[in-house]
Amino acid sequence: MRYSQYFIPTVKETPADAEVISHQLMLRAGMIRKVAAGVYNYLPLGLRSIRKVEQIVREEMNRAGAIELLMPMVTPAELWQESGRWEFYGKELLRFKDRKDGEFCLGPTHEEVITDIVRREIRSYRQLPINLYQIQTKFRDEIRPRFGLMRGREFIMKDAYSFDVDSSAADLSYDKMYQAYRRIFERCGLNFRAVEADTGSIGGSSSHEFMVLADSGEDAILSCSGCDYAANVEKAESRPFPEAKGELLPKEAVETPDRKTIEEVAAFLGIKPEQTVKALIVVADGEPVMALVRGDHDLNELKLKNFLGAAELEMADDEVYVKACGGPVGFAGPCGVTVRVIADQAIQGMCNFVVGGNAKDQHFRNANHRDFTVKAFADIRTVVAGDACPRCSGGKMEVWRGIEVGHVFKLGTKYSEKLKATYLDADGKEQVIFMGCYGIGVGRSVAACIEQNHDANGIIFPLPIAPFHCIVSALSVKEEPVVKASEDIYNRLAAAGVEVLLDDRDERPGFKFKDADLIGIPLRIVVGAKNLAEGKVELKHRKSGEVELLPIDEAVAKVQ
Ligand code: ATP
Ligand code: MG
Ligand code: MG
Ligand code: MG
């Protein structure tokens, strides 16, 4: 590829609206351009890296025995109604009608569609196990699209779905995917951890997230220095505050015309100042009946719905009220009422929590009923760095920020039961299929990689996902020998299968070097008149900064 005829619109200034480094660099390197909030053009350079990740994913999925297909992005409401998610999925599901008033949505994930395929085509245990995957554009109407490809609304995902005869066979499929994911992220050159995770809105019995370690990560994760235990903060084994256990909420805390700040409630519950409350969930008889959430946090509508089950939920942009379903059941008798506070260090200072007033009053008044105990305990989701590991003796917990690039779930029969995906066993008996689902954010993986690999001058792509392996910089396009030698090197590398970019632009060397550094090509061959007179060129390694002065043949051989 010749730079002069290619399309890499680089930008010198840091774009004002890009907060994280990967977003800034992807814009500056001409990899992406915004079309609308959370919706991006993938420019040629960005697309090349995305395709590299896709290819690694594809190879490893195929190697693990998964089979590629492609499902539509537009999916009919009927399938989602069958699974119950048409109601359950909140505003992240972008719904619309066609000209005949038929209801559709843009697929945010494809459990329903794939289960529909399988229930129609799979009849016998002989056809199982099967694992089907696609690499496809998803749409989620994220409440806060941000950080470029990291949290887009439209984004590319690899999603795979496994189908098995029973739970233990499904465990094997899950393990295969878990191993494939490890290989994928290793091959992408990412520094990551596989952590135990909540199953969230997708449901199921067990799940792991693959987290790329980066300070800009939206998730907090914990790992033990002494054993394999690693979990995201939501899943991390929680420790109730002993001092807050079994306390009775005082009248003032629950029955007040004044709105209380989150700090006041937190202080009452014994939450330490360094922990921040992001939600107050009232649990009656073990059932969550009400939640008050406010602020910039990752407790989205889906997670809450999942957590609260049937409770009625109202959600504004940054505020959620969940009202008790079927009246204040747990509040009417001598039963335990638990106030659960989820604390998360990560969102410190962002919450502005209120109690009292409006719809909430009623429940709190009831909670003040004489006959029952109100237990207050804080469900501490942050295990603090340096704490003892809950799993092994001697290990200490370490806290990291992470970017979720992949997620594997054991689904069990959640979807197959609802959509009636069954097979006939060896005795001719009808059985429900066991499922698993496995996602990878392709664009997010590229962004996460840049978060981990950059310096003040720009991106430092690891070779496997670099848009080009090598850039040949002709220092002056006005000097015939330089042009000739550059072309020659370029042709030889290209012929050897190296993905090479020839910087043949009529620009100053400094200008060319700046661009080459910014776009992060791992290897650079600099062809200048002075060295050329001795038959030599410079080979520069973007990552180490190391420069070697080599005879042309040697440089070409090294790059190949
Ligand atoms: P998050 O917690 O970041 O919202 P998620 O848990 O909702 O992600 P999954 O449903 O597990 O996402 O989807 C599988 C993968 O798709 C994620 O691990 C992530 O890599 C990617 N992904 C999810 N949402 C987005 C998004 N808005 N933009 C880019 N990639 C995304
Ligand atoms: Mg999400
Ligand atoms: Mg998640
Ligand atoms: Mg997830």
# chains A, B, ... in the order shown; residues from 1 in each chain; ligands from 1
>>> residues_near_ligand(ligand="ligand 1", cutoff="8 Å", atoms="only C-alpha atoms and all ligand atoms", output="PDB file with C-alpha atoms, in the first residue's frame")
ATOM      1  CA  GLY A  38     -21.746   5.561  19.865  1.00  0.00           C
ATOM      2  CA  PRO A 108     -28.121  -6.655  20.999  1.00  0.00           C
ATOM      3  CA  THR A 109     -27.322 -10.384  21.364  1.00  0.00           C
ATOM      4  CA  PHE A 139     -26.830  -2.582  18.486  1.00  0.00           C
ATOM      5  CA  ARG A 140     -27.393  -1.648  22.117  1.00  0.00           C
ATOM      6  CA  GLU A 142     -26.381   2.261  25.697  1.00  0.00           C
ATOM      7  CA  PRO A 145     -22.039   5.589  24.882  1.00  0.00           C
ATOM      8  CA  LEU A 149     -15.257   1.839  20.244  1.00  0.00           C
ATOM      9  CA  MET A 150     -15.006   0.876  23.900  1.00  0.00           C
ATOM     10  CA  ARG A 151     -18.664   1.549  24.597  1.00  0.00           C
ATOM     11  CA  GLY A 152     -20.404   2.104  21.321  1.00  0.00           C
ATOM     12  CA  ARG A 153     -24.062   1.656  20.536  1.00  0.00           C
ATOM     13  CA  GLU A 154     -23.301  -0.088  17.273  1.00  0.00           C
ATOM     14  CA  PHE A 155     -20.360  -2.463  17.659  1.00  0.00           C
ATOM     15  CA  ILE A 156     -18.926  -5.670  16.264  1.00  0.00           C
ATOM     16  CA  MET A 157     -19.234  -8.742  18.427  1.00  0.00           C
ATOM     17  CA  LYS A 158     -18.314 -12.359  18.010  1.00  0.00           C
ATOM     18  CA  ASP A 159     -21.085 -14.347  19.621  1.00  0.00           C
ATOM     19  CA  GLY A 200     -26.330 -10.442  34.593  1.00  0.00           C
ATOM     20  CA  SER A 201     -29.258 -10.098  32.223  1.00  0.00           C
ATOM     21  CA  ILE A 202     -28.203 -13.005  30.024  1.00  0.00           C
ATOM     22  CA  GLU A 209     -15.278 -12.309  32.063  1.00  0.00           C
ATOM     23  CA  PHE A 210     -12.036 -11.693  30.233  1.00  0.00           C
ATOM     24  CA  GLU A 218     -14.820   0.721  33.730  1.00  0.00           C
ATOM     25  CA  ASP A 219     -14.757  -2.430  35.855  1.00  0.00           C
ATOM     26  CA  ASP A 298     -22.787   0.501  35.748  1.00  0.00           C
ATOM     27  CA  ILE A 403     -11.965  -3.616  30.364  1.00  0.00           C
ATOM     28  CA  GLU A 404     -14.355  -6.474  29.666  1.00  0.00           C
ATOM     29  CA  VAL A 405     -13.401  -7.801  26.243  1.00  0.00           C
ATOM     30  CA  GLY A 406     -15.006 -11.218  26.476  1.00  0.00           C
ATOM     31  CA  HIS A 407     -17.661 -13.015  28.461  1.00  0.00           C
ATOM     32  CA  VAL A 408     -18.592 -16.697  28.637  1.00  0.00           C
ATOM     33  CA  TYR A 438     -19.845 -16.652  24.503  1.00  0.00           C
ATOM     34  CA  GLY A 439     -19.192 -13.064  23.415  1.00  0.00           C
ATOM     35  CA  ILE A 440     -16.150 -11.053  22.382  1.00  0.00           C
ATOM     36  CA  GLY A 441     -16.161  -7.323  21.688  1.00  0.00           C
ATOM     37  CA  VAL A 442     -14.041  -7.012  18.553  1.00  0.00           C
ATOM     38  CA  GLY A 443     -13.770  -3.214  18.365  1.00  0.00           C
ATOM     39  CA  ARG A 444     -13.433  -3.020  22.126  1.00  0.00           C
ATOM     40  CA  SER A 445     -10.518  -5.445  21.970  1.00  0.00           C
TER      41      SER A 445
END
>>> residues_around(residues="stretch 527-539 of chain A", least_positions_apart="4", cutoff="6 Å", atoms="only C-alpha atoms", output="number ranges by chain")
A: 474-475, 482, 547-552
>>> select_by_dssp(residues="stretch 158-215 of chain A", states="strand (DSSP E)", output="ChimeraX atom specification")
/A:158-164,192-196,206-213
>>> residues_around(residues="A:Gly30", least_positions_apart="4", cutoff="6 Å", atoms="only C-alpha atoms", output="VMD selection string")
chain A and resid 8 to 10
>>> closest_residue(among="A:Asp427, A:Glu78, A:Glu196, A:Glu398", to="ligand 4", atoms="only C-alpha atoms and all ligand atoms")
A:Glu196
>>> select_by_dssp(residues="stretch 76-205 of chain A", states="alpha helix (DSSP H)", output="number ranges by chain")
A: 77-83, 85-88, 111-121, 167-187
>>> closest_residue(among="A:Pro467, A:Glu92, A:Lys97, A:Pro509", to="ligand 2", atoms="only C-alpha atoms and all ligand atoms")
A:Glu92
>>> closest_residue(among="A:Ser216, A:Met397, A:Ala194, A:His208", to="ligand 4", atoms="only C-alpha atoms and all ligand atoms")
A:His208
>>> atom_distance(atom1="atom CA of A:Ser83", atom2="atom CA of A:Glu103")
15.3 Å
>>> closest_residue(among="A:Val195, A:Cys188, A:Asp175, A:Arg123", to="ligand 4", atoms="only C-alpha atoms and all ligand atoms")
A:Val195
>>> closest_residue(among="A:Glu68, A:Ala197, A:Asp17, A:Ala170", to="ligand 4", atoms="only C-alpha atoms and all ligand atoms")
A:Ala197
>>> residues_around(residues="A:Gly226", least_positions_apart="2", cutoff="10 Å", atoms="only C-alpha atoms", output="PyMOL selection string")
chain A and resi 223-224+228-229+388-389+391-397
>>> write_last_selection(atoms="N, CA and C atoms", output="CSV table (one decimal), in the first residue's frame")
chain,number,residue,atom,x,y,z
A,223,SER,N,-7.8,-9.9,42.1
A,223,SER,CA,-7.2,-11.3,42.0
A,223,SER,C,-6.3,-11.5,43.2
A,224,CYS,N,-6.1,-12.8,43.4
A,224,CYS,CA,-5.3,-13.2,44.6
A,224,CYS,C,-3.9,-13.4,44.2
A,228,ASP,N,-5.4,-18.9,42.1
A,228,ASP,CA,-6.1,-18.5,40.8
A,228,ASP,C,-7.3,-17.6,41.0
A,229,TYR,N,-7.7,-17.4,42.2
A,229,TYR,CA,-9.0,-16.7,42.4
A,229,TYR,C,-8.9,-15.3,41.9
A,388,ALA,N,-7.1,-10.4,53.0
A,388,ALA,CA,-6.8,-11.9,52.8
A,388,ALA,C,-7.7,-12.4,51.8
A,389,CYS,N,-7.2,-13.4,51.0
A,389,CYS,CA,-8.0,-14.0,50.0
A,389,CYS,C,-9.1,-14.9,50.6
A,391,ARG,N,-10.4,-17.5,49.4
A,391,ARG,CA,-10.3,-18.9,48.9
A,391,ARG,C,-9.0,-19.6,49.4
A,392,CYS,N,-7.9,-18.9,49.6
A,392,CYS,CA,-6.7,-19.6,50.0
A,392,CYS,C,-6.1,-19.0,51.2
A,393,SER,N,-5.2,-19.7,51.9
A,393,SER,CA,-4.6,-19.0,53.1
A,393,SER,C,-3.3,-18.4,52.6
A,394,GLY,N,-3.1,-17.2,53.1
A,394,GLY,CA,-1.8,-16.6,52.8
A,394,GLY,C,-1.9,-15.6,51.6
A,395,GLY,N,-2.8,-15.8,50.7
A,395,GLY,CA,-2.9,-15.0,49.5
A,395,GLY,C,-3.5,-13.6,49.9
A,396,LYS,N,-3.1,-12.6,49.2
A,396,LYS,CA,-3.6,-11.2,49.4
A,396,LYS,C,-4.3,-10.7,48.2
A,397,MET,N,-5.4,-10.0,48.3
A,397,MET,CA,-6.1,-9.5,47.2
A,397,MET,C,-5.5,-8.3,46.6
>>> closest_residue(among="A:Val233, A:Leu213, A:Ile114, A:Leu132", to="ligand 3", atoms="only C-alpha atoms and all ligand atoms")
A:Val233
